[in-house]
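Raw contents of my_file15.cif, mmCIF, N, CA and C atoms:
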data_run
#
loop_
_atom_site.label_atom_id
_atom_site.label_comp_id
_atom_site.auth_asym_id
_atom_site.auth_seq_id
_atom_site.Cartn_x
_atom_site.Cartn_y
_atom_site.Cartn_z
N MET G 400 76.40 68.25 78.91
CA MET G 400 75.47 67.46 79.68
C MET G 400 76.20 66.85 80.86
N ALA G 401 75.96 67.36 82.02
CA ALA G 401 76.61 66.88 83.24
C ALA G 401 75.65 66.02 84.02
N ALA G 402 76.20 65.20 84.91
CA ALA G 402 75.37 64.38 85.78
C ALA G 402 74.55 65.29 86.69
N GLU G 403 73.42 64.78 87.14
CA GLU G 403 72.50 65.56 87.97
C GLU G 403 73.18 66.06 89.26
N ALA G 404 74.05 65.25 89.83
CA ALA G 404 74.74 65.64 91.06
C ALA G 404 75.58 66.90 90.85
N PHE G 405 76.13 67.07 89.65
CA PHE G 405 76.91 68.27 89.35
C PHE G 405 76.00 69.49 89.30
N GLU G 406 74.80 69.31 88.78
CA GLU G 406 73.85 70.43 88.73
C GLU G 406 73.53 70.94 90.12
N GLU G 407 73.53 70.06 91.11
CA GLU G 407 73.31 70.49 92.49
C GLU G 407 74.44 71.39 92.96
N ILE G 408 75.67 71.08 92.56
CA ILE G 408 76.81 71.93 92.91
C ILE G 408 76.66 73.30 92.25
N VAL G 409 76.25 73.31 90.99
CA VAL G 409 76.04 74.59 90.28
C VAL G 409 75.01 75.43 91.05
N GLU G 410 73.91 74.80 91.45
CA GLU G 410 72.88 75.53 92.20
C GLU G 410 73.42 76.04 93.53
N ASP G 411 74.18 75.21 94.23
CA ASP G 411 74.76 75.64 95.51
C ASP G 411 75.70 76.82 95.31
N PHE G 412 76.51 76.78 94.25
CA PHE G 412 77.45 77.87 93.98
C PHE G 412 76.74 79.18 93.70
N GLU G 413 75.53 79.11 93.15
CA GLU G 413 74.78 80.33 92.87
C GLU G 413 74.44 81.08 94.15
N PHE G 414 74.35 80.35 95.26
CA PHE G 414 74.00 80.96 96.54
C PHE G 414 75.22 81.36 97.36
N ILE G 415 76.39 80.91 96.96
CA ILE G 415 77.62 81.21 97.69
C ILE G 415 78.38 82.26 96.89
N GLU G 416 78.40 83.47 97.36
CA GLU G 416 79.04 84.54 96.60
C GLU G 416 80.52 84.69 96.91
N ASP G 417 80.92 84.43 98.16
CA ASP G 417 82.29 84.62 98.59
C ASP G 417 83.16 83.45 98.14
N TRP G 418 84.33 83.76 97.52
CA TRP G 418 85.18 82.70 96.99
C TRP G 418 85.82 81.87 98.08
N GLU G 419 86.07 82.45 99.24
CA GLU G 419 86.60 81.65 100.36
C GLU G 419 85.57 80.59 100.75
N GLU G 420 84.31 80.96 100.75
CA GLU G 420 83.24 80.01 101.07
C GLU G 420 83.11 78.93 99.99
N ARG G 421 83.28 79.33 98.75
CA ARG G 421 83.22 78.36 97.65
C ARG G 421 84.37 77.35 97.76
N TYR G 422 85.58 77.83 98.10
CA TYR G 422 86.69 76.91 98.30
C TYR G 422 86.40 75.96 99.45
N ARG G 423 85.84 76.51 100.53
CA ARG G 423 85.48 75.66 101.67
C ARG G 423 84.47 74.59 101.25
N TYR G 424 83.51 74.99 100.42
CA TYR G 424 82.51 74.06 99.92
C TYR G 424 83.18 72.92 99.13
N VAL G 425 84.10 73.27 98.24
CA VAL G 425 84.80 72.26 97.43
C VAL G 425 85.60 71.33 98.35
N ILE G 426 86.28 71.91 99.34
CA ILE G 426 87.05 71.10 100.28
C ILE G 426 86.13 70.15 101.05
N GLU G 427 84.97 70.63 101.45
CA GLU G 427 84.00 69.78 102.17
C GLU G 427 83.51 68.63 101.28
N GLN G 428 83.37 68.90 99.99
CA GLN G 428 82.99 67.82 99.06
C GLN G 428 84.05 66.72 99.09
N GLY G 429 85.31 67.12 99.11
CA GLY G 429 86.41 66.15 99.17
C GLY G 429 86.43 65.40 100.49
N LYS G 430 86.19 66.09 101.58
CA LYS G 430 86.18 65.44 102.89
C LYS G 430 85.06 64.41 103.00
N ALA G 431 83.98 64.64 102.28
CA ALA G 431 82.83 63.72 102.33
C ALA G 431 83.06 62.43 101.54
N MET G 432 84.08 62.43 100.67
CA MET G 432 84.39 61.22 99.88
C MET G 432 85.05 60.18 100.77
N ASP G 433 84.75 58.91 100.48
CA ASP G 433 85.48 57.84 101.14
C ASP G 433 86.92 57.87 100.64
N PRO G 434 87.88 57.60 101.52
CA PRO G 434 89.28 57.57 101.06
C PRO G 434 89.51 56.41 100.10
N LEU G 435 90.41 56.62 99.17
CA LEU G 435 90.79 55.57 98.23
C LEU G 435 91.68 54.58 98.97
N ASP G 436 91.41 53.32 98.81
CA ASP G 436 92.21 52.27 99.43
C ASP G 436 93.67 52.43 99.02
N ASP G 437 94.57 52.34 99.98
CA ASP G 437 96.00 52.50 99.67
C ASP G 437 96.48 51.51 98.61
N ALA G 438 95.85 50.36 98.52
CA ALA G 438 96.24 49.36 97.52
C ALA G 438 95.96 49.85 96.10
N LEU G 439 95.08 50.86 95.97
CA LEU G 439 94.75 51.41 94.65
C LEU G 439 95.62 52.62 94.29
N LYS G 440 96.44 53.05 95.22
CA LYS G 440 97.34 54.19 94.98
C LYS G 440 98.65 53.65 94.40
N VAL G 441 98.56 53.30 93.13
CA VAL G 441 99.67 52.68 92.42
C VAL G 441 100.00 53.52 91.18
N PRO G 442 101.15 53.28 90.57
CA PRO G 442 101.51 54.07 89.39
C PRO G 442 100.44 54.08 88.29
N ALA G 443 99.72 52.99 88.13
CA ALA G 443 98.70 52.93 87.07
C ALA G 443 97.53 53.87 87.32
N THR G 444 97.26 54.21 88.57
CA THR G 444 96.14 55.09 88.89
C THR G 444 96.59 56.52 89.18
N LYS G 445 97.91 56.74 89.24
CA LYS G 445 98.43 58.07 89.52
C LYS G 445 98.28 58.95 88.28
N VAL G 446 97.88 60.18 88.51
CA VAL G 446 97.69 61.13 87.42
C VAL G 446 98.91 62.03 87.34
N ASP G 447 99.60 61.96 86.22
CA ASP G 447 100.75 62.84 85.99
C ASP G 447 100.25 64.22 85.58
N GLY G 448 101.05 65.23 85.86
CA GLY G 448 100.68 66.58 85.48
C GLY G 448 100.06 67.36 86.61
N CYS G 449 99.95 66.75 87.77
CA CYS G 449 99.38 67.42 88.94
C CYS G 449 100.52 67.77 89.89
N ALA G 450 100.47 68.94 90.49
CA ALA G 450 101.50 69.34 91.45
C ALA G 450 101.43 68.49 92.71
N SER G 451 100.23 68.09 93.09
CA SER G 451 100.06 67.23 94.26
C SER G 451 99.90 65.78 93.79
N GLN G 452 99.89 64.89 94.75
CA GLN G 452 99.67 63.47 94.44
C GLN G 452 98.18 63.26 94.14
N VAL G 453 97.88 62.66 93.01
CA VAL G 453 96.48 62.41 92.61
C VAL G 453 96.37 61.00 92.04
N TRP G 454 95.33 60.29 92.50
CA TRP G 454 95.03 58.96 91.99
C TRP G 454 93.57 58.91 91.59
N LEU G 455 93.30 58.36 90.41
CA LEU G 455 91.93 58.12 89.95
C LEU G 455 91.79 56.64 89.64
N HIS G 456 90.77 56.03 90.20
CA HIS G 456 90.53 54.60 89.98
C HIS G 456 89.19 54.45 89.26
N PRO G 457 89.21 54.28 87.93
CA PRO G 457 87.96 54.18 87.17
C PRO G 457 87.35 52.78 87.25
N LYS G 458 86.03 52.75 87.12
CA LYS G 458 85.29 51.50 87.03
C LYS G 458 84.25 51.66 85.92
N ILE G 459 84.20 50.69 85.04
CA ILE G 459 83.19 50.69 83.99
C ILE G 459 82.22 49.56 84.30
N ASP G 460 80.97 49.91 84.45
CA ASP G 460 79.92 48.93 84.74
C ASP G 460 79.00 48.89 83.53
N GLY G 461 79.20 47.88 82.69
CA GLY G 461 78.46 47.84 81.43
C GLY G 461 79.00 48.94 80.54
N ASN G 462 78.20 49.95 80.33
CA ASN G 462 78.58 51.09 79.50
C ASN G 462 78.64 52.38 80.33
N VAL G 463 78.61 52.23 81.66
CA VAL G 463 78.52 53.38 82.55
C VAL G 463 79.83 53.54 83.32
N MET G 464 80.30 54.78 83.41
CA MET G 464 81.56 55.06 84.09
C MET G 464 81.34 55.55 85.51
N TYR G 465 82.21 55.07 86.37
CA TYR G 465 82.31 55.54 87.75
C TYR G 465 83.80 55.63 88.05
N PHE G 466 84.18 56.48 88.97
CA PHE G 466 85.57 56.46 89.43
C PHE G 466 85.64 57.01 90.84
N ASP G 467 86.64 56.53 91.54
CA ASP G 467 86.97 57.03 92.86
C ASP G 467 88.32 57.72 92.71
N GLY G 468 88.69 58.49 93.70
CA GLY G 468 89.98 59.15 93.63
C GLY G 468 90.42 59.66 94.97
N ASP G 469 91.63 60.16 94.99
CA ASP G 469 92.18 60.71 96.22
C ASP G 469 93.34 61.62 95.88
N SER G 470 93.69 62.48 96.82
CA SER G 470 94.83 63.38 96.67
C SER G 470 95.36 63.71 98.06
N ASP G 471 96.61 64.11 98.10
CA ASP G 471 97.20 64.54 99.36
C ASP G 471 96.94 66.02 99.63
N ALA G 472 96.28 66.72 98.71
CA ALA G 472 95.93 68.13 98.88
C ALA G 472 94.41 68.26 99.03
N MET G 473 93.98 68.99 100.05
CA MET G 473 92.54 69.07 100.33
C MET G 473 91.74 69.68 99.19
N ILE G 474 92.23 70.76 98.60
CA ILE G 474 91.46 71.39 97.52
C ILE G 474 91.40 70.47 96.31
N VAL G 475 92.47 69.75 96.03
CA VAL G 475 92.48 68.84 94.88
C VAL G 475 91.54 67.66 95.15
N ARG G 476 91.53 67.18 96.37
CA ARG G 476 90.58 66.12 96.74
C ARG G 476 89.15 66.62 96.50
N GLY G 477 88.90 67.88 96.82
CA GLY G 477 87.59 68.47 96.55
C GLY G 477 87.30 68.54 95.06
N LEU G 478 88.30 68.88 94.26
CA LEU G 478 88.11 68.91 92.81
C LEU G 478 87.80 67.53 92.27
N ILE G 479 88.43 66.50 92.85
CA ILE G 479 88.12 65.12 92.45
C ILE G 479 86.66 64.84 92.76
N ALA G 480 86.19 65.27 93.93
CA ALA G 480 84.79 65.04 94.30
C ALA G 480 83.85 65.73 93.31
N VAL G 481 84.20 66.94 92.89
CA VAL G 481 83.37 67.66 91.91
C VAL G 481 83.41 66.92 90.57
N LEU G 482 84.59 66.46 90.16
CA LEU G 482 84.68 65.68 88.91
C LEU G 482 83.83 64.42 88.98
N ARG G 483 83.84 63.76 90.12
CA ARG G 483 83.02 62.55 90.28
C ARG G 483 81.55 62.90 90.08
N LYS G 484 81.15 64.05 90.59
CA LYS G 484 79.75 64.45 90.43
C LYS G 484 79.44 64.86 89.00
N LEU G 485 80.46 65.30 88.29
CA LEU G 485 80.29 65.65 86.88
C LEU G 485 80.11 64.40 86.01
N TYR G 486 80.91 63.36 86.29
CA TYR G 486 80.98 62.21 85.39
C TYR G 486 80.33 60.92 85.89
N ASN G 487 80.38 60.64 87.18
CA ASN G 487 79.91 59.34 87.65
C ASN G 487 78.46 59.08 87.26
N GLY G 488 78.24 57.89 86.72
CA GLY G 488 76.89 57.50 86.33
C GLY G 488 76.54 57.82 84.89
N LEU G 489 77.46 58.45 84.16
CA LEU G 489 77.20 58.74 82.75
C LEU G 489 77.68 57.57 81.90
N THR G 490 77.04 57.40 80.75
CA THR G 490 77.51 56.39 79.81
C THR G 490 78.85 56.87 79.23
N LEU G 491 79.57 55.95 78.64
CA LEU G 491 80.87 56.30 78.06
C LEU G 491 80.72 57.38 76.99
N ASP G 492 79.68 57.29 76.18
CA ASP G 492 79.44 58.32 75.15
C ASP G 492 79.13 59.67 75.79
N GLU G 493 78.36 59.65 76.87
CA GLU G 493 78.04 60.90 77.56
C GLU G 493 79.29 61.52 78.18
N VAL G 494 80.16 60.67 78.74
CA VAL G 494 81.42 61.18 79.30
C VAL G 494 82.20 61.92 78.22
N MET G 495 82.28 61.32 77.05
CA MET G 495 83.03 61.94 75.96
C MET G 495 82.37 63.23 75.46
N ALA G 496 81.06 63.34 75.62
CA ALA G 496 80.33 64.52 75.15
C ALA G 496 80.39 65.70 76.13
N VAL G 497 80.75 65.44 77.38
CA VAL G 497 80.80 66.50 78.38
C VAL G 497 81.94 67.46 78.06
N ASP G 498 81.63 68.73 78.05
CA ASP G 498 82.66 69.77 77.91
C ASP G 498 83.00 70.21 79.34
N ALA G 499 83.94 69.51 79.94
CA ALA G 499 84.27 69.74 81.35
C ALA G 499 84.73 71.17 81.59
N ARG G 500 85.48 71.71 80.66
CA ARG G 500 85.95 73.10 80.83
C ARG G 500 84.77 74.06 80.92
N ALA G 501 83.78 73.87 80.07
CA ALA G 501 82.59 74.72 80.10
C ALA G 501 81.79 74.49 81.38
N GLU G 502 81.72 73.24 81.81
CA GLU G 502 80.98 72.95 83.05
C GLU G 502 81.66 73.60 84.25
N PHE G 503 82.99 73.52 84.32
CA PHE G 503 83.70 74.16 85.42
C PHE G 503 83.62 75.68 85.32
N ALA G 504 83.51 76.20 84.10
CA ALA G 504 83.34 77.65 83.92
C ALA G 504 82.02 78.10 84.55
N ARG G 505 81.02 77.24 84.51
CA ARG G 505 79.74 77.58 85.14
C ARG G 505 79.91 77.80 86.64
N LEU G 506 80.91 77.13 87.22
CA LEU G 506 81.19 77.32 88.65
C LEU G 506 82.13 78.51 88.88
N GLY G 507 82.74 79.00 87.82
CA GLY G 507 83.70 80.08 87.95
C GLY G 507 85.07 79.61 88.40
N LEU G 508 85.25 78.30 88.48
CA LEU G 508 86.52 77.77 88.98
C LEU G 508 87.68 78.03 88.03
N ASN G 509 87.40 78.11 86.74
CA ASN G 509 88.48 78.34 85.77
C ASN G 509 89.25 79.61 86.08
N ASP G 510 88.53 80.61 86.59
CA ASP G 510 89.14 81.91 86.85
C ASP G 510 89.75 82.01 88.25
N HIS G 511 89.50 81.02 89.10
CA HIS G 511 89.92 81.13 90.49
C HIS G 511 90.88 80.03 90.95
N LEU G 512 91.35 79.22 90.04
CA LEU G 512 92.34 78.21 90.39
C LEU G 512 93.72 78.68 89.94
N SER G 513 94.73 78.32 90.71
CA SER G 513 96.09 78.65 90.30
C SER G 513 96.39 77.90 89.00
N SER G 514 97.43 78.34 88.30
CA SER G 514 97.77 77.66 87.04
C SER G 514 98.15 76.21 87.30
N GLN G 515 98.82 75.92 88.42
CA GLN G 515 99.16 74.53 88.74
C GLN G 515 97.90 73.70 88.97
N ARG G 516 96.94 74.25 89.70
CA ARG G 516 95.70 73.51 89.96
C ARG G 516 94.91 73.33 88.66
N SER G 517 94.90 74.36 87.83
CA SER G 517 94.21 74.26 86.53
C SER G 517 94.83 73.17 85.67
N ASN G 518 96.16 73.11 85.66
CA ASN G 518 96.84 72.06 84.90
C ASN G 518 96.52 70.69 85.46
N GLY G 519 96.47 70.57 86.78
CA GLY G 519 96.13 69.31 87.42
C GLY G 519 94.71 68.89 87.09
N LEU G 520 93.79 69.84 87.14
CA LEU G 520 92.40 69.54 86.80
C LEU G 520 92.30 69.07 85.35
N LYS G 521 93.03 69.75 84.46
CA LYS G 521 93.04 69.35 83.05
C LYS G 521 93.56 67.92 82.91
N ALA G 522 94.62 67.58 83.65
CA ALA G 522 95.18 66.23 83.59
C ALA G 522 94.18 65.19 84.09
N MET G 523 93.43 65.53 85.14
CA MET G 523 92.42 64.60 85.65
C MET G 523 91.30 64.39 84.63
N ILE G 524 90.86 65.47 84.00
CA ILE G 524 89.81 65.37 82.99
C ILE G 524 90.30 64.53 81.82
N GLU G 525 91.54 64.76 81.39
CA GLU G 525 92.11 63.98 80.28
C GLU G 525 92.17 62.49 80.63
N ARG G 526 92.50 62.18 81.89
CA ARG G 526 92.54 60.78 82.30
C ARG G 526 91.16 60.14 82.23
N VAL G 527 90.14 60.84 82.71
CA VAL G 527 88.78 60.32 82.67
C VAL G 527 88.37 60.09 81.23
N ARG G 528 88.64 61.04 80.36
CA ARG G 528 88.26 60.90 78.95
C ARG G 528 89.05 59.77 78.27
N LEU G 529 90.31 59.60 78.62
CA LEU G 529 91.12 58.53 78.05
C LEU G 529 90.53 57.17 78.44
N VAL G 530 90.19 57.01 79.69
CA VAL G 530 89.61 55.74 80.15
C VAL G 530 88.30 55.48 79.40
N ALA G 531 87.46 56.51 79.28
CA ALA G 531 86.18 56.34 78.58
C ALA G 531 86.40 55.98 77.11
N SER G 532 87.38 56.60 76.48
CA SER G 532 87.60 56.36 75.06
C SER G 532 88.19 54.96 74.81
N GLN G 533 88.90 54.41 75.80
CA GLN G 533 89.52 53.11 75.62
C GLN G 533 88.63 51.96 76.10
N ALA G 534 87.55 52.28 76.77
CA ALA G 534 86.67 51.23 77.32
C ALA G 534 85.80 50.61 76.24
#
What's the C-alpha cells form of this structure?
Amino acid sequence: MAAEAFEEIVEDFEFIEDWEERYRYVIEQGKAMDPLDDALKVPATKVDGCASQVWLHPKIDGNVMYFDGDSDAMIVRGLIAVLRKLYNGLTLDEVMAVDARAEFARLGLNDHLSSQRSNGLKAMIERVRLVASQA
C-alpha cells in the first residue's frame, strides 16, 4: 500500500518506455524538491551505506510520517523524491506495511539501478522503517 502520489509515478512510468527518459523523470522529481537546509545535514540525518552523500530528515506528526531529504547525486536525490512519494503522509503502521522493494519493482527500478545505488536505496528504506518503528 503506497501513498497516492507514488501511484502517479507508477502511472507516469507506464507511459515512458525508454530508460533514459525514466532516469530523466526521476532526476526531475529530485530537482522539484526543496533543498534540505544545511543545518539538517548532520551526522544524525546522514544515511550510511550510500555511495553518495544522503541525508533524510524525518518528521512525525501525530501518527503520520513525513520526511525531507537531499543528496549530492542527482539520481539519488530523485530516488529520495520517489521515496517521499511512497511514504509521506502514511501512518506509522502503514509505513511498516509497505513493501518498498515490491513497489520499486513496479517501476522496474530494481533491475536498472547499479548495485551501489540499489544498496543506497535499501539503506534509505531501512532508515525510514527504523524511524517509523521507533516512533
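Here atom N of G:Ser451 and atom CA of G:Tyr424 stand 19.9 Å from one another.
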query: What residues in chain G get the DSSP label strand (DSSP E or B)? Please answer as a PyMOL selection string.
result: chain G and resi 445+453-460+463-470+490
task: Can you check which residues of stretch 407-529 of chain G DSSP gives as helix (DSSP H, G or I) on the backbone and send them as JSON, numbers by chain?
output: {"G": [407, 408, 409, 410, 411, 412, 413, 414, 418, 419, 420, 421, 422, 423, 424, 425, 426, 427, 428, 429, 430, 431, 437, 438, 439, 473, 474, 475, 476, 477, 478, 479, 480, 481, 482, 483, 484, 485, 486, 491, 492, 493, 494, 495, 496, 499, 500, 501, 502, 503, 504, 505, 506, 508, 509, 510, 514, 515, 516, 517, 518, 519, 520, 521, 522, 523, 524, 525, 526, 527, 528, 529]}
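The coordinates place atom N of G:Arg516 at 10.1 Å from atom C of G:Val475.
For the pair atom CA of G:Pro434 and atom CA of G:Val481, the separation is 14.8 Å.
When all atoms listed in the file are used to measure the gap to G:Val409, the shortest distance among G:Leu506, G:Val530, G:Met464, G:Val425 belongs to G:Leu506.
Residues in contact with G:Gly488 at up to 7 Å, not including ones fewer than 6 positions away on its chain and judged by only N, CA and C atoms, are G:Ala402, G:Val463, G:Met464, G:Tyr465, G:Phe466.
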- request: To verify the selection step, state as a PyMOL selection string which residues the PyMOL selection byres (((chain G and resi 441-448 and name CA) around 12) and name CA) yields on this input.
  value: chain G and resi 435-440+449-458+466-471+475+479+514-527+529-530
May I have the residues from that selection written out with N, CA and C atoms, as a tab-separated table (two decimals), in the coordinates of the input?
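Contents of again_17.tsv, freshly written:
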chain	number	residue	atom	x	y	z
G	435	LEU	N	90.41	56.62	99.17
G	435	LEU	CA	90.79	55.57	98.23
G	435	LEU	C	91.68	54.58	98.97
G	436	ASP	N	91.41	53.32	98.81
G	436	ASP	CA	92.21	52.27	99.43
G	436	ASP	C	93.67	52.43	99.02
G	437	ASP	N	94.57	52.34	99.98
G	437	ASP	CA	96.00	52.50	99.67
G	437	ASP	C	96.48	51.51	98.61
G	438	ALA	N	95.85	50.36	98.52
G	438	ALA	CA	96.24	49.36	97.52
G	438	ALA	C	95.96	49.85	96.10
G	439	LEU	N	95.08	50.86	95.97
G	439	LEU	CA	94.75	51.41	94.65
G	439	LEU	C	95.62	52.62	94.29
G	440	LYS	N	96.44	53.05	95.22
G	440	LYS	CA	97.34	54.19	94.98
G	440	LYS	C	98.65	53.65	94.40
G	449	CYS	N	99.95	66.75	87.77
G	449	CYS	CA	99.38	67.42	88.94
G	449	CYS	C	100.52	67.77	89.89
G	450	ALA	N	100.47	68.94	90.49
G	450	ALA	CA	101.50	69.34	91.45
G	450	ALA	C	101.43	68.49	92.71
G	451	SER	N	100.23	68.09	93.09
G	451	SER	CA	100.06	67.23	94.26
G	451	SER	C	99.90	65.78	93.79
G	452	GLN	N	99.89	64.89	94.75
G	452	GLN	CA	99.67	63.47	94.44
G	452	GLN	C	98.18	63.26	94.14
G	453	VAL	N	97.88	62.66	93.01
G	453	VAL	CA	96.48	62.41	92.61
G	453	VAL	C	96.37	61.00	92.04
G	454	TRP	N	95.33	60.29	92.50
G	454	TRP	CA	95.03	58.96	91.99
G	454	TRP	C	93.57	58.91	91.59
G	455	LEU	N	93.30	58.36	90.41
G	455	LEU	CA	91.93	58.12	89.95
G	455	LEU	C	91.79	56.64	89.64
G	456	HIS	N	90.77	56.03	90.20
G	456	HIS	CA	90.53	54.60	89.98
G	456	HIS	C	89.19	54.45	89.26
G	457	PRO	N	89.21	54.28	87.93
G	457	PRO	CA	87.96	54.18	87.17
G	457	PRO	C	87.35	52.78	87.25
G	458	LYS	N	86.03	52.75	87.12
G	458	LYS	CA	85.29	51.50	87.03
G	458	LYS	C	84.25	51.66	85.92
G	466	PHE	N	84.18	56.48	88.97
G	466	PHE	CA	85.57	56.46	89.43
G	466	PHE	C	85.64	57.01	90.84
G	467	ASP	N	86.64	56.53	91.54
G	467	ASP	CA	86.97	57.03	92.86
G	467	ASP	C	88.32	57.72	92.71
G	468	GLY	N	88.69	58.49	93.70
G	468	GLY	CA	89.98	59.15	93.63
G	468	GLY	C	90.42	59.66	94.97
G	469	ASP	N	91.63	60.16	94.99
G	469	ASP	CA	92.18	60.71	96.22
G	469	ASP	C	93.34	61.62	95.88
G	470	SER	N	93.69	62.48	96.82
G	470	SER	CA	94.83	63.38	96.67
G	470	SER	C	95.36	63.71	98.06
G	471	ASP	N	96.61	64.11	98.10
G	471	ASP	CA	97.20	64.54	99.36
G	471	ASP	C	96.94	66.02	99.63
G	475	VAL	N	92.47	69.75	96.03
G	475	VAL	CA	92.48	68.84	94.88
G	475	VAL	C	91.54	67.66	95.15
G	479	ILE	N	88.43	66.50	92.85
G	479	ILE	CA	88.12	65.12	92.45
G	479	ILE	C	86.66	64.84	92.76
G	514	SER	N	97.43	78.34	88.30
G	514	SER	CA	97.77	77.66	87.04
G	514	SER	C	98.15	76.21	87.30
G	515	GLN	N	98.82	75.92	88.42
G	515	GLN	CA	99.16	74.53	88.74
G	515	GLN	C	97.90	73.70	88.97
G	516	ARG	N	96.94	74.25	89.70
G	516	ARG	CA	95.70	73.51	89.96
G	516	ARG	C	94.91	73.33	88.66
G	517	SER	N	94.90	74.36	87.83
G	517	SER	CA	94.21	74.26	86.53
G	517	SER	C	94.83	73.17	85.67
G	518	ASN	N	96.16	73.11	85.66
G	518	ASN	CA	96.84	72.06	84.90
G	518	ASN	C	96.52	70.69	85.46
G	519	GLY	N	96.47	70.57	86.78
G	519	GLY	CA	96.13	69.31	87.42
G	519	GLY	C	94.71	68.89	87.09
G	520	LEU	N	93.79	69.84	87.14
G	520	LEU	CA	92.40	69.54	86.80
G	520	LEU	C	92.30	69.07	85.35
G	521	LYS	N	93.03	69.75	84.46
G	521	LYS	CA	93.04	69.35	83.05
G	521	LYS	C	93.56	67.92	82.91
G	522	ALA	N	94.62	67.58	83.65
G	522	ALA	CA	95.18	66.23	83.59
G	522	ALA	C	94.18	65.19	84.09
G	523	MET	N	93.43	65.53	85.14
G	523	MET	CA	92.42	64.60	85.65
G	523	MET	C	91.30	64.39	84.63
G	524	ILE	N	90.86	65.47	84.00
G	524	ILE	CA	89.81	65.37	82.99
G	524	ILE	C	90.30	64.53	81.82
G	525	GLU	N	91.54	64.76	81.39
G	525	GLU	CA	92.11	63.98	80.28
G	525	GLU	C	92.17	62.49	80.63
G	526	ARG	N	92.50	62.18	81.89
G	526	ARG	CA	92.54	60.78	82.30
G	526	ARG	C	91.16	60.14	82.23
G	527	VAL	N	90.14	60.84	82.71
G	527	VAL	CA	88.78	60.32	82.67
G	527	VAL	C	88.37	60.09	81.23
G	529	LEU	N	90.31	59.60	78.62
G	529	LEU	CA	91.12	58.53	78.05
G	529	LEU	C	90.53	57.17	78.44
G	530	VAL	N	90.19	57.01	79.69
G	530	VAL	CA	89.61	55.74	80.15
G	530	VAL	C	88.30	55.48	79.40
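Remark: for G:Lys430, the closest of the candidate residues G:Leu512, G:Val494, G:Leu489, G:Ala480 is G:Ala480 (distances computed over all atoms listed in the file).
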- request: Using only N, CA and C atoms, pick whichever of G:Ile459, G:Met473, G:Leu482, G:Ile415 has the shortest atom-to-atom distance to G:Ala534.
  value: G:Ile459
task: Would you write out, as number ranges by chain, every residue that the PyMOL selection byres (((chain G and resi 485 and name CA) around 8) and name CA) captures in this file?
output: G: 401-405, 481-484, 486-487, 499
Write to file, as a JSON list (two decimals), in the coordinates of the input, the residues of the selection just made, with N, CA and C atoms.
[["chain", "number", "residue", "atom", "x", "y", "z"],
["G", 401, "ALA", "N", 75.96, 67.36, 82.02],
["G", 401, "ALA", "CA", 76.61, 66.88, 83.24],
["G", 401, "ALA", "C", 75.65, 66.02, 84.02],
["G", 402, "ALA", "N", 76.20, 65.20, 84.91],
["G", 402, "ALA", "CA", 75.37, 64.38, 85.78],
["G", 402, "ALA", "C", 74.55, 65.29, 86.69],
["G", 403, "GLU", "N", 73.42, 64.78, 87.14],
["G", 403, "GLU", "CA", 72.50, 65.56, 87.97],
["G", 403, "GLU", "C", 73.18, 66.06, 89.26],
["G", 404, "ALA", "N", 74.05, 65.25, 89.83],
["G", 404, "ALA", "CA", 74.74, 65.64, 91.06],
["G", 404, "ALA", "C", 75.58, 66.90, 90.85],
["G", 405, "PHE", "N", 76.13, 67.07, 89.65],
["G", 405, "PHE", "CA", 76.91, 68.27, 89.35],
["G", 405, "PHE", "C", 76.00, 69.49, 89.30],
["G", 481, "VAL", "N", 84.20, 66.94, 92.89],
["G", 481, "VAL", "CA", 83.37, 67.66, 91.91],
["G", 481, "VAL", "C", 83.41, 66.92, 90.57],
["G", 482, "LEU", "N", 84.59, 66.46, 90.16],
["G", 482, "LEU", "CA", 84.68, 65.68, 88.91],
["G", 482, "LEU", "C", 83.83, 64.42, 88.98],
["G", 483, "ARG", "N", 83.84, 63.76, 90.12],
["G", 483, "ARG", "CA", 83.02, 62.55, 90.28],
["G", 483, "ARG", "C", 81.55, 62.90, 90.08],
["G", 484, "LYS", "N", 81.15, 64.05, 90.59],
["G", 484, "LYS", "CA", 79.75, 64.45, 90.43],
["G", 484, "LYS", "C", 79.44, 64.86, 89.00],
["G", 486, "TYR", "N", 80.91, 63.36, 86.29],
["G", 486, "TYR", "CA", 80.98, 62.21, 85.39],
["G", 486, "TYR", "C", 80.33, 60.92, 85.89],
["G", 487, "ASN", "N", 80.38, 60.64, 87.18],
["G", 487, "ASN", "CA", 79.91, 59.34, 87.65],
["G", 487, "ASN", "C", 78.46, 59.08, 87.26],
["G", 499, "ALA", "N", 83.94, 69.51, 79.94],
["G", 499, "ALA", "CA", 84.27, 69.74, 81.35],
["G", 499, "ALA", "C", 84.73, 71.17, 81.59]]
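Checking G:Glu406, G:Leu478, G:Ala472, G:Asn462 one by one against G:Gln428, counting only N, CA and C atoms, you find the shortest gap at G:Leu478.
Using only C-alpha atoms, the smallest distance between any of G:Ser513, G:Glu416, G:Gly461, G:Glu427 and G:Thr490 comes from G:Gly461.
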